[in-house]
file work_17.cif (mmCIF, C-alpha atoms and all ligand atoms)
data_data
#
loop_
_atom_site.label_atom_id
_atom_site.label_comp_id
_atom_site.auth_asym_id
_atom_site.auth_seq_id
_atom_site.Cartn_x
_atom_site.Cartn_y
_atom_site.Cartn_z
CA MET W 1 -38.17 67.91 107.41
CA MET W 2 -40.77 66.16 109.60
CA LEU W 3 -39.87 63.68 112.31
CA VAL W 4 -39.84 60.16 110.85
CA SER W 5 -40.10 56.59 112.09
CA ALA W 6 -36.68 54.92 112.40
CA THR W 7 -37.61 51.87 110.31
CA GLU W 8 -36.44 53.08 106.92
CA MET W 9 -33.14 54.55 108.11
CA ILE W 10 -32.33 51.40 110.12
CA ASN W 11 -33.24 49.01 107.31
CA LYS W 12 -31.08 50.97 104.87
CA ALA W 13 -28.20 50.91 107.36
CA HIS W 14 -28.60 47.17 107.85
CA GLU W 15 -28.49 46.56 104.09
CA GLY W 16 -25.59 48.98 103.63
CA HIS W 17 -23.54 47.65 106.60
CA TYR W 18 -23.36 50.86 108.56
CA ALA W 19 -25.22 51.98 111.70
CA ILE W 20 -27.47 54.81 112.79
CA ALA W 21 -26.57 56.53 116.04
CA GLN W 22 -29.03 57.04 118.81
CA PHE W 23 -27.73 60.01 120.77
CA ASN W 24 -29.69 60.62 123.97
CA ILE W 25 -30.98 64.13 124.61
CA ASN W 26 -31.41 66.02 127.88
CA ASN W 27 -32.22 69.61 127.00
CA MET W 28 -32.10 72.26 124.28
CA GLU W 29 -28.28 72.34 124.12
CA TRP W 30 -28.14 68.58 123.46
CA ILE W 31 -30.85 68.72 120.77
CA LYS W 32 -29.17 71.65 118.97
CA ALA W 33 -25.69 70.15 119.10
CA ILE W 34 -26.76 66.70 117.87
CA LEU W 35 -29.00 68.02 115.08
CA LEU W 36 -26.36 70.47 113.84
CA GLY W 37 -23.65 67.78 113.95
CA CYS W 38 -25.76 65.31 111.96
CA GLU W 39 -26.86 68.00 109.49
CA ALA W 40 -23.21 69.00 108.93
CA LYS W 41 -22.30 65.37 108.12
CA LYS W 42 -25.58 64.58 106.31
CA SER W 43 -26.32 61.70 108.66
CA PRO W 44 -29.75 60.39 109.68
CA VAL W 45 -30.11 60.28 113.48
CA ILE W 46 -32.26 58.95 116.29
CA LEU W 47 -32.72 61.19 119.32
CA GLY W 48 -33.13 58.97 122.38
CA VAL W 49 -35.23 60.09 125.35
CA SER W 50 -35.28 58.03 128.54
CA GLU W 51 -38.32 58.30 130.78
CA GLY W 52 -36.19 60.24 133.28
CA ALA W 53 -35.00 62.65 130.59
CA ALA W 54 -38.60 63.12 129.39
CA LYS W 55 -39.58 64.14 132.91
CA TYR W 56 -36.58 66.48 133.10
CA MET W 57 -37.65 68.04 129.78
CA CYS W 58 -41.17 68.65 131.20
CA GLY W 59 -42.87 65.72 129.52
CA TYR W 60 -42.98 63.71 126.30
CA LYS W 61 -44.94 66.36 124.44
CA ASN W 62 -42.47 69.08 125.27
CA ALA W 63 -39.59 66.86 124.12
CA VAL W 64 -41.35 66.29 120.77
CA ASP W 65 -42.22 69.98 120.37
CA MET W 66 -38.70 71.13 121.24
CA VAL W 67 -37.18 68.80 118.66
CA LYS W 68 -39.70 69.82 115.98
CA ASN W 69 -39.23 73.54 116.63
CA ILE W 70 -35.43 73.32 116.66
CA MET W 71 -35.52 71.33 113.39
CA ASP W 72 -37.72 74.03 111.82
CA PHE W 73 -35.52 76.83 113.13
CA TYR W 74 -32.34 75.37 111.61
CA GLY W 75 -34.00 73.93 108.50
CA ILE W 76 -32.75 70.42 109.29
CA THR W 77 -32.95 68.22 106.18
CA VAL W 78 -31.60 64.88 107.46
CA PRO W 79 -34.07 62.19 108.67
CA VAL W 80 -34.62 62.46 112.45
CA ALA W 81 -36.59 60.08 114.70
CA ILE W 82 -37.49 60.79 118.32
CA HIS W 83 -37.29 57.50 120.22
CA LEU W 84 -38.25 56.47 123.75
CA ASP W 85 -35.23 54.78 125.34
CA HIS W 86 -35.85 51.84 127.74
CA GLY W 87 -39.56 52.53 127.87
CA THR W 88 -41.90 50.86 130.32
CA TYR W 89 -45.19 49.41 129.08
CA GLU W 90 -47.08 52.51 130.28
CA GLY W 91 -44.36 54.93 129.17
CA ALA W 92 -44.33 53.54 125.63
CA LYS W 93 -48.07 54.16 125.31
CA LYS W 94 -47.71 57.72 126.62
CA ALA W 95 -44.80 58.50 124.29
CA ILE W 96 -46.74 57.20 121.27
CA GLU W 97 -49.68 59.40 122.24
CA ALA W 98 -47.39 62.44 122.59
CA GLY W 99 -46.01 62.12 119.05
CA PHE W 100 -42.83 60.03 119.43
CA THR W 101 -41.96 58.44 116.08
CA SER W 102 -40.19 55.44 117.60
CA VAL W 103 -40.28 53.65 120.96
CA MET W 104 -38.33 51.03 122.82
CA PHE W 105 -40.16 48.67 125.13
CA ASP W 106 -37.72 47.21 127.63
CA GLY W 107 -39.41 44.13 129.02
CA SER W 108 -36.09 42.37 129.66
CA HIS W 109 -36.67 42.25 133.43
CA PHE W 110 -39.99 40.37 133.00
CA PRO W 111 -40.18 36.58 132.61
CA ILE W 112 -39.84 35.85 128.87
CA GLU W 113 -43.57 34.96 128.47
CA GLU W 114 -44.61 38.32 129.88
CA ASN W 115 -41.98 40.14 127.80
CA ILE W 116 -43.38 38.43 124.67
CA GLU W 117 -46.99 39.23 125.57
CA LYS W 118 -46.35 42.92 126.26
CA SER W 119 -43.95 43.31 123.31
CA LYS W 120 -46.58 41.83 120.98
CA GLU W 121 -49.25 44.27 122.11
CA LEU W 122 -46.95 47.29 121.82
CA ILE W 123 -45.60 46.20 118.42
CA GLU W 124 -49.18 46.09 117.11
CA LEU W 125 -49.97 49.48 118.64
CA ALA W 126 -46.79 51.12 117.29
CA HIS W 127 -47.27 49.69 113.81
CA SER W 128 -50.92 50.79 113.70
CA LYS W 129 -49.58 54.35 114.10
CA GLY W 130 -46.68 53.99 111.65
CA ILE W 131 -44.11 54.11 114.45
CA SER W 132 -41.00 51.94 114.76
CA ILE W 133 -40.43 49.81 117.84
CA GLU W 134 -37.41 48.24 119.53
CA CYS W 135 -37.71 45.50 122.14
CA GLU W 136 -35.10 44.05 124.46
CA VAL W 137 -34.08 40.55 125.37
CA GLY W 138 -31.56 39.96 128.14
CA GLY W 139 -30.21 42.74 130.29
CA ILE W 140 -27.58 45.34 129.51
CA GLY W 141 -24.94 45.91 132.15
CA GLY W 142 -24.56 49.03 134.24
CA GLU W 143 -27.15 51.48 135.46
CA GLU W 144 -29.47 53.73 133.48
CA ASP W 145 -32.04 55.96 135.15
CA GLY W 146 -32.00 53.77 138.23
CA VAL W 147 -32.53 50.54 136.29
CA ILE W 148 -29.67 48.20 137.13
CA SER W 149 -29.04 45.09 135.12
CA ASN W 150 -26.39 42.46 135.58
CA GLY W 151 -25.57 42.49 131.92
CA GLU W 152 -26.43 38.91 131.14
CA VAL W 153 -25.86 37.81 127.58
CA ALA W 154 -29.16 37.35 125.73
CA SER W 155 -30.43 33.93 124.75
CA PRO W 156 -30.49 33.65 120.92
CA GLU W 157 -33.64 31.47 121.18
CA GLU W 158 -35.49 34.16 123.13
CA CYS W 159 -34.26 36.77 120.64
CA ALA W 160 -35.77 34.67 117.83
CA GLU W 161 -39.12 34.61 119.66
CA ILE W 162 -39.27 38.40 120.00
CA ALA W 163 -37.93 38.96 116.47
CA GLY W 164 -40.72 36.70 115.18
CA LEU W 165 -43.32 39.10 116.60
CA GLY W 166 -42.35 41.65 113.93
CA VAL W 167 -40.28 44.04 116.06
CA ASP W 168 -38.34 46.50 113.86
CA PHE W 169 -35.02 46.25 115.69
CA LEU W 170 -33.86 44.20 118.61
CA ALA W 171 -31.70 45.10 121.61
CA ALA W 172 -29.84 42.07 122.91
CA GLY W 173 -27.22 42.04 125.65
CA ILE W 174 -23.87 40.80 124.33
CA GLY W 175 -21.67 41.91 127.22
CA ASN W 176 -22.29 45.64 126.62
CA ILE W 177 -22.66 47.99 129.58
CA HIS W 178 -24.31 51.39 130.08
CA GLY W 179 -21.94 54.05 131.39
CA LYS W 180 -18.16 53.75 131.67
CA TYR W 181 -16.58 50.35 130.93
CA PRO W 182 -14.52 48.85 133.77
CA ALA W 183 -10.80 48.32 133.11
CA ASP W 184 -11.25 44.53 133.24
CA TRP W 185 -14.17 44.47 130.74
CA LYS W 186 -14.06 41.36 128.58
CA GLY W 187 -15.34 43.02 125.39
CA LEU W 188 -18.35 42.21 123.22
CA ASN W 189 -19.36 38.59 122.71
CA PHE W 190 -19.20 38.28 118.92
CA GLU W 191 -20.10 34.57 118.87
CA VAL W 192 -23.43 35.26 120.53
CA LEU W 193 -23.96 38.28 118.28
CA GLU W 194 -23.52 36.07 115.19
CA GLU W 195 -25.80 33.42 116.59
CA ILE W 196 -28.50 36.01 117.37
CA GLN W 197 -28.23 37.42 113.86
CA ASN W 198 -28.59 33.94 112.34
CA LYS W 199 -31.48 32.87 114.58
CA THR W 200 -33.42 36.10 113.96
CA ASP W 201 -33.17 35.90 110.15
CA GLY W 202 -31.05 39.02 109.98
CA LYS W 203 -33.13 41.33 112.19
CA PRO W 204 -31.37 44.73 112.64
CA LEU W 205 -29.72 44.65 116.08
CA VAL W 206 -29.15 47.46 118.57
CA LEU W 207 -25.96 47.95 120.57
CA HIS W 208 -26.67 49.78 123.81
CA GLY W 209 -23.86 51.22 125.92
CA GLY W 210 -22.06 52.62 122.87
CA SER W 211 -19.89 54.99 124.94
CA GLY W 212 -16.33 53.80 125.37
CA ILE W 213 -16.40 50.70 123.15
CA PRO W 214 -13.19 50.65 121.07
CA GLN W 215 -13.75 51.78 117.46
CA GLU W 216 -12.68 48.45 115.91
CA MET W 217 -15.09 46.53 118.14
CA VAL W 218 -18.00 48.80 117.14
CA LYS W 219 -17.10 48.36 113.46
CA LYS W 220 -16.96 44.58 113.80
CA ALA W 221 -20.35 44.55 115.56
CA ILE W 222 -21.78 46.55 112.63
CA THR W 223 -20.48 44.01 110.11
CA LEU W 224 -22.26 41.29 112.16
CA GLY W 225 -25.70 42.92 112.06
CA VAL W 226 -25.72 45.85 114.51
CA SER W 227 -27.54 48.73 112.78
CA LYS W 228 -28.21 51.08 115.70
CA VAL W 229 -25.71 52.13 118.36
CA ASN W 230 -26.81 54.08 121.45
CA VAL W 231 -24.53 56.77 122.87
CA ASN W 232 -25.35 58.73 126.00
CA THR W 233 -22.56 58.82 128.60
CA GLU W 234 -19.90 60.02 126.14
CA CYS W 235 -21.87 63.21 125.34
CA GLN W 236 -22.32 63.87 129.05
CA ILE W 237 -18.59 63.44 129.70
CA VAL W 238 -17.41 65.76 126.89
CA PHE W 239 -20.00 68.38 127.95
CA ALA W 240 -18.87 68.20 131.60
CA ASP W 241 -15.15 68.27 130.70
CA ALA W 242 -15.50 71.28 128.36
CA THR W 243 -17.58 73.18 130.93
CA LYS W 244 -15.05 72.40 133.66
CA LYS W 245 -12.23 73.68 131.44
CA TYR W 246 -14.14 76.91 130.67
CA ILE W 247 -14.56 77.55 134.39
CA GLU W 248 -11.01 76.54 135.35
CA ASP W 249 -9.56 78.71 132.57
CA GLY W 250 -11.31 81.71 134.12
CA GLY W 251 -14.07 81.94 131.50
CA ILE W 252 -16.64 83.03 134.07
CA ASP W 253 -14.46 85.96 135.20
CA LYS W 254 -14.25 87.44 131.70
CA PRO W 255 -16.76 90.20 130.78
CA LYS W 256 -20.23 88.56 130.84
CA GLY W 257 -18.50 85.19 131.10
CA TYR W 258 -21.29 84.07 133.42
CA ASP W 259 -23.89 84.49 130.64
CA PRO W 260 -25.39 80.98 130.17
CA ARG W 261 -25.07 81.37 126.41
CA LYS W 262 -21.28 81.64 126.95
CA LEU W 263 -21.03 79.19 129.83
CA LEU W 264 -22.84 76.35 128.04
CA LYS W 265 -21.27 76.92 124.61
CA PRO W 266 -17.99 74.99 125.03
CA GLY W 267 -19.92 71.93 126.25
CA ALA W 268 -22.44 72.12 123.41
CA ASP W 269 -19.63 72.55 120.86
CA ALA W 270 -17.88 69.51 122.35
CA ILE W 271 -21.05 67.40 121.90
CA GLN W 272 -21.36 68.54 118.28
CA GLY W 273 -17.70 67.64 117.66
CA LEU W 274 -18.21 64.18 119.15
CA VAL W 275 -21.36 63.57 117.10
CA GLU W 276 -19.57 64.53 113.87
CA ASP W 277 -16.61 62.30 114.73
CA TYR W 278 -18.79 59.29 115.62
CA VAL W 279 -21.09 59.36 112.58
CA VAL W 280 -18.05 59.60 110.28
CA ASN W 281 -15.49 57.36 112.03
CA PHE W 282 -17.50 54.83 114.08
CA PHE W 283 -20.89 54.35 112.42
CA GLY W 284 -20.37 55.19 108.74
CA SER W 285 -23.71 57.02 108.50
CA ALA W 286 -22.28 60.29 107.11
CA ASP W 287 -23.63 61.19 103.64
CA LYS W 288 -26.42 58.58 104.01
CA ALA W 289 -29.24 61.10 104.58
P1 LIG G 301 -24.09 54.78 127.23
O1 LIG G 301 -24.56 55.81 128.22
O2 LIG G 301 -23.16 53.81 127.84
O3 LIG G 301 -23.56 55.41 125.99
O4 LIG G 301 -25.39 53.93 126.80
C1 LIG G 301 -26.42 54.57 126.13
C2 LIG G 301 -27.57 53.67 125.92
O5 LIG G 301 -27.43 52.51 125.65
C3 LIG G 301 -28.93 54.24 126.00
O6 LIG G 301 -29.91 53.27 125.97
#

call {"tool": "encode", "arguments": {"input": "work_17.cif", "output": "structure tokens"}}
result
Amino acid sequence: MMLVSATEMINKAHEGHYAIAQFNINNMEWIKAILLGCEAKKSPVILGVSEGAAKYMCGYKNAVDMVKNIMDFYGITVPVAIHLDHGTYEGAKKAIEAGFTSVMFDGSHFPIEENIEKSKELIELAHSKGISIECEVGGIGGEEDGVISNGEVASPEECAEIAGLGVDFLAAGIGNIHGKYPADWKGLNFEVLEEIQNKTDGKPLVLHGGSGIPQEMVKKAITLGVSKVNVNTECQIVFADATKKYIEDGGIDKPKGYDPRKLLKPGADAIQGLVEDYVVNFFGSADKA
């Protein structure tokens, strides 16, 4: 299966009231685990790559080539998109050139006029290449790759303006936060979510900060128009916990226990387990490939 744009999978999810997961990737172990998990559950998937992760993976082109080669090696049959996460204006252009099949332009920190102007240009560019594009209105709480936002709730009017430009899916802050949620978190703002969905004529919406949101809250957001949920931190936590356990249980001291193929396996298996659980129990995208 070739890499595909995310438009078709997201539109189908929006019509069918389920969501497609964007799992962020960091390296070969992440790509393998996520692809095998989604293949096992017959779920379409979006592989998210932040600009920092692209640099870590030796560039956009290498990220694309790694994903393509791993898909070929395992004979992956489910639809897979490779998507730039929180792209800058320049980064989005570079990712498109390198073969990404979907990009996000995050202009939420610009004044709305500038966000609209840059979004418009990138939407035209992406669509001229058959690539899907996500834009953002209003910040998302927490910190991601050094970008800190105060997590304001998006203005439904501004969302309507960006949606009207023809963006494929829209990220809008509704109280969601990247990283771990604080104990006193107030939860998602469903009233604003409904208003955004109404004002944007039912544009598929994206929920960032998918790690740690209670299952019922995610499901409710999906019924109100969220068709893409981004998960990053949760995969990092299960990988770190499983690796820690392997070491603490004396795994390294066993014969050849220091072999990276053994050392990294429990973490990779934990990511695959989480992916399978989420696509079945949170997002409803299993058997939708
Ligand atoms: P989490 O790291 O909180 O899961 O957020 C992921 C995300 O929204 C990527 O854009």

call {"tool": "residues_around", "arguments": {"input": "work_17.cif", "residues": "region 268-274 of chain W", "least_positions_apart": "2", "cutoff": "6 Å", "atoms": "only C-alpha atoms", "output": "PyMOL selection string"}}
result
chain W and resi 29+33-34+37+235+238+265-266+276-277

call {"tool": "residues_around", "arguments": {"input": "work_17.cif", "residues": "Asn27 (chain W)", "least_positions_apart": "3", "cutoff": "7 Å", "atoms": "all atoms listed in the file", "output": "number ranges by chain"}}
result
W: 30-31, 57

call {"tool": "closest_residue", "arguments": {"input": "work_17.cif", "among": "W:Ala81, W:Met28, W:Ala95, W:Gln197", "to": "Arg261 (chain W)", "atoms": "all atoms listed in the file"}}
result
W:Met28

call {"tool": "residues_near_ligand", "arguments": {"input": "work_17.cif", "ligand": "ligand LIG 301 (chain G)", "cutoff": "6 Å", "atoms": "all atoms listed in the file", "output": "count of residues only"}}
result
12

call {"tool": "atom_distance", "arguments": {"input": "work_17.cif", "atom1": "CA of Cys38 (chain W)", "atom2": "CA of Val275 (chain W)"}}
result
7.0 Å

call {"tool": "residues_around", "arguments": {"input": "work_17.cif", "residues": "Leu47 (chain W)", "least_positions_apart": "2", "cutoff": "7 Å", "atoms": "only C-alpha atoms", "output": "ChimeraX atom specification"}}
result
/W:22-25,45,49,81-83

call {"tool": "write_last_selection", "arguments": {"input": "work_17.cif", "atoms": "C-alpha atoms", "output": "PDB file, in the frame of the given file"}}
result
ATOM      1  CA  GLN W  22     -29.030  57.040 118.810  1.00  0.00           C
ATOM      2  CA  PHE W  23     -27.730  60.010 120.770  1.00  0.00           C
ATOM      3  CA  ASN W  24     -29.690  60.620 123.970  1.00  0.00           C
ATOM      4  CA  ILE W  25     -30.980  64.130 124.610  1.00  0.00           C
ATOM      5  CA  VAL W  45     -30.110  60.280 113.480  1.00  0.00           C
ATOM      6  CA  VAL W  49     -35.230  60.090 125.350  1.00  0.00           C
ATOM      7  CA  ALA W  81     -36.590  60.080 114.700  1.00  0.00           C
ATOM      8  CA  ILE W  82     -37.490  60.790 118.320  1.00  0.00           C
ATOM      9  CA  HIS W  83     -37.290  57.500 120.220  1.00  0.00           C
TER      10      HIS W  83
END

call {"tool": "atom_distance", "arguments": {"input": "work_17.cif", "atom1": "CA of Val192 (chain W)", "atom2": "CA of Ser155 (chain W)"}}
result
8.3 Å

call {"tool": "closest_residue", "arguments": {"input": "work_17.cif", "among": "W:Ile131, W:Val103, W:Ala6, W:Leu193", "to": "Ala154 (chain W)", "atoms": "all atoms listed in the file"}}
result
W:Leu193

call {"tool": "residues_around", "arguments": {"input": "work_17.cif", "residues": "Lys120 (chain W)", "least_positions_apart": "3", "cutoff": "9 Å", "atoms": "all atoms listed in the file", "output": "number ranges by chain"}}
result
W: 115-117, 123-125, 162, 165-167

call {"tool": "write_last_selection", "arguments": {"input": "work_17.cif", "atoms": "C-alpha atoms", "output": "mmCIF file, in the coordinates of the input"}}
result
data_model
loop_
_atom_site.group_PDB
_atom_site.id
_atom_site.type_symbol
_atom_site.label_atom_id
_atom_site.label_comp_id
_atom_site.auth_asym_id
_atom_site.auth_seq_id
_atom_site.Cartn_x
_atom_site.Cartn_y
_atom_site.Cartn_z
ATOM 1 C CA ASN W 115 -41.980 40.140 127.800
ATOM 2 C CA ILE W 116 -43.380 38.430 124.670
ATOM 3 C CA GLU W 117 -46.990 39.230 125.570
ATOM 4 C CA ILE W 123 -45.600 46.200 118.420
ATOM 5 C CA GLU W 124 -49.180 46.090 117.110
ATOM 6 C CA LEU W 125 -49.970 49.480 118.640
ATOM 7 C CA ILE W 162 -39.270 38.400 120.000
ATOM 8 C CA LEU W 165 -43.320 39.100 116.600
ATOM 9 C CA GLY W 166 -42.350 41.650 113.930
ATOM 10 C CA VAL W 167 -40.280 44.040 116.060
#

call {"tool": "residues_around", "arguments": {"input": "work_17.cif", "residues": "Val279 (chain W)", "least_positions_apart": "5", "cutoff": "8 Å", "atoms": "all atoms listed in the file", "output": "ChimeraX atom specification"}}
result
/W:20-21,38,41,43,284-286

call {"tool": "atom_distance", "arguments": {"input": "work_17.cif", "atom1": "CA of Ser227 (chain W)", "atom2": "CA of Asn69 (chain W)"}}
result
27.7 Å

call {"tool": "residues_near_point", "arguments": {"input": "work_17.cif", "point": "(-41.2, 56.6, 108.2)", "cutoff": "9 Å", "atoms": "all atoms listed in the file", "output": "list in words"}}
result
Leu3, Val4, Ser5, Ala6, Thr7, Glu8, Met9, Ala81, Thr101, Gly130, Ile131 and Ser132 of chain W

call {"tool": "axis_aligned_box", "arguments": {"input": "work_17.cif", "around": "region 56-71 of chain W", "padding_each_side": "8 Å", "output": "lines of an AutoDock Vina configuration file"}}
result
center_x = -40.2
center_y = 68.6
center_z = 123.2
size_x = 25.5
size_y = 25.8
size_z = 35.7

call {"tool": "closest_residue", "arguments": {"input": "work_17.cif", "among": "W:Phe110, W:Asp184, W:Cys135, W:Lys42", "to": "His86 (chain W)", "atoms": "all atoms listed in the file"}}
result
W:Cys135

call {"tool": "closest_residue", "arguments": {"input": "work_17.cif", "among": "W:Leu205, W:Ile70, W:Leu264, W:Ala240", "to": "Thr223 (chain W)", "atoms": "all atoms listed in the file"}}
result
W:Leu205

call {"tool": "closest_residue", "arguments": {"input": "work_17.cif", "among": "W:Gly225, W:Gly175, W:Pro79, W:Gly48", "to": "Ala19 (chain W)", "atoms": "only C-alpha atoms"}}
result
W:Gly225
